[in-house]
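K.L.:
Encoded as structure tokens, here's the structure I'll be asking about.
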Amino acid sequence: MKYWGYLMVKLVAAAGLIWVAWFAVRLCFPRHSVFLDQELDPFTHDLGYTAAMMLIIPFCGGLIYWIAWDQRYRCRTCLRRLRMPMATGSWKNMMFLGQPRTEYICVYGHGTLKVPELQLTGETSDWEPHDDIWKELESLEASKK
């Protein structure tokens, strides 16, 4: 639940930032009335306003893309960035080693994210949560005795 809540907080913050940028452009380029009661939209008549809006639109798209990319590489439990990328699999030996992918782990042992290197079949990233790492280590130590 914390994972999705953090995503919503980032999206709300991005919406606020986008609104502030849009509002700043609207303040810098006020509408001018041509006749008594008619106002023309500055998008089609003011080059500065049009250029500013054409810069805001890719900024908004890039911001949303960055949020999605950042969220993908975070731990689902503690929200820390996943670390230690390790390439597994091989294109030459797909029968034995599997399809090439990159595995990221949470440094606190909460889980592993397996990201396929090439996504042709619609295969998506696979988050594999782990139990408490200390319980696993204790069980390994107990099995050796």
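Chain lettering (A, B, ...) mirrors the order of the structure tokens, residue numbering begins at 1 for each chain separately, and ligand numbering begins at 1 in order of display.
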How would you write, as a list in words, the set of residues in range 11-82 of chain A that DSSP gives as strand (DSSP E or B)?

P.N.:
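For range 11-82 of chain A, the strand (DSSP E or B) set is Ser33, Glu39, Arg74 and Arg81 of chain A.
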
K.L.:
Take the residues from that selection and put them in a file with N, CA and C atoms, as an mmCIF file, in the first residue's frame.

P.N.:
```cif
data_model
loop_
_atom_site.group_PDB
_atom_site.id
_atom_site.type_symbol
_atom_site.label_atom_id
_atom_site.label_comp_id
_atom_site.auth_asym_id
_atom_site.auth_seq_id
_atom_site.Cartn_x
_atom_site.Cartn_y
_atom_site.Cartn_z
ATOM 1 N N SER A 33 -8.024 41.972 -25.280
ATOM 2 C CA SER A 33 -9.332 42.079 -25.922
ATOM 3 C C SER A 33 -9.176 42.885 -27.209
ATOM 4 N N GLU A 39 -12.298 38.205 -26.532
ATOM 5 C CA GLU A 39 -10.893 37.991 -26.228
ATOM 6 C C GLU A 39 -10.372 36.890 -27.135
ATOM 7 N N ARG A 74 11.851 0.996 -7.667
ATOM 8 C CA ARG A 74 11.829 1.171 -6.211
ATOM 9 C C ARG A 74 11.352 -0.103 -5.546
ATOM 10 N N ARG A 81 15.527 2.953 -3.614
ATOM 11 C CA ARG A 81 15.897 2.586 -4.984
ATOM 12 C C ARG A 81 16.542 1.205 -4.989
#
```

K.L.:
Give one line per residue of range 86-111 of chain A that approaches range 130-144 of chain A to at most 10 Å, naming the two atoms of the closest pair and their distance in Å to one decimal, counting only C-alpha atoms; sort by chain then ascending residue number and deliver it as JSON lines.

P.N.:
```
{"residue": "A:Cys106", "atom": "CA", "partner": "A:His130", "partner_atom": "CA", "distance": 9.8}
{"residue": "A:Tyr108", "atom": "CA", "partner": "A:Ile133", "partner_atom": "CA", "distance": 8.1}
{"residue": "A:Gly109", "atom": "CA", "partner": "A:Ile133", "partner_atom": "CA", "distance": 5.8}
{"residue": "A:His110", "atom": "CA", "partner": "A:His130", "partner_atom": "CA", "distance": 5.4}
{"residue": "A:Gly111", "atom": "CA", "partner": "A:His130", "partner_atom": "CA", "distance": 4.8}
```

K.L.:
Can you tell me how far CA of Met1 in chain A sits from CA of Trp69 in chain A, in Å to one decimal?

P.N.:
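It comes out at 18.6 Å.
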
K.L.:
Excluding same-chain residues fewer than 5 positions from Leu118 in chain A, what lies within 10 Å of it counting only C-alpha atoms, as a PyMOL selection string?

P.N.:
chain A and resi 99-101+123-124

K.L.:
Closest to Gly48 in chain A among A:Arg26, A:Leu63, A:Ala68, A:Pro129, using only C-alpha atoms?

P.N.:
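For Gly48 in chain A, the nearest of the given residues is A:Arg26.
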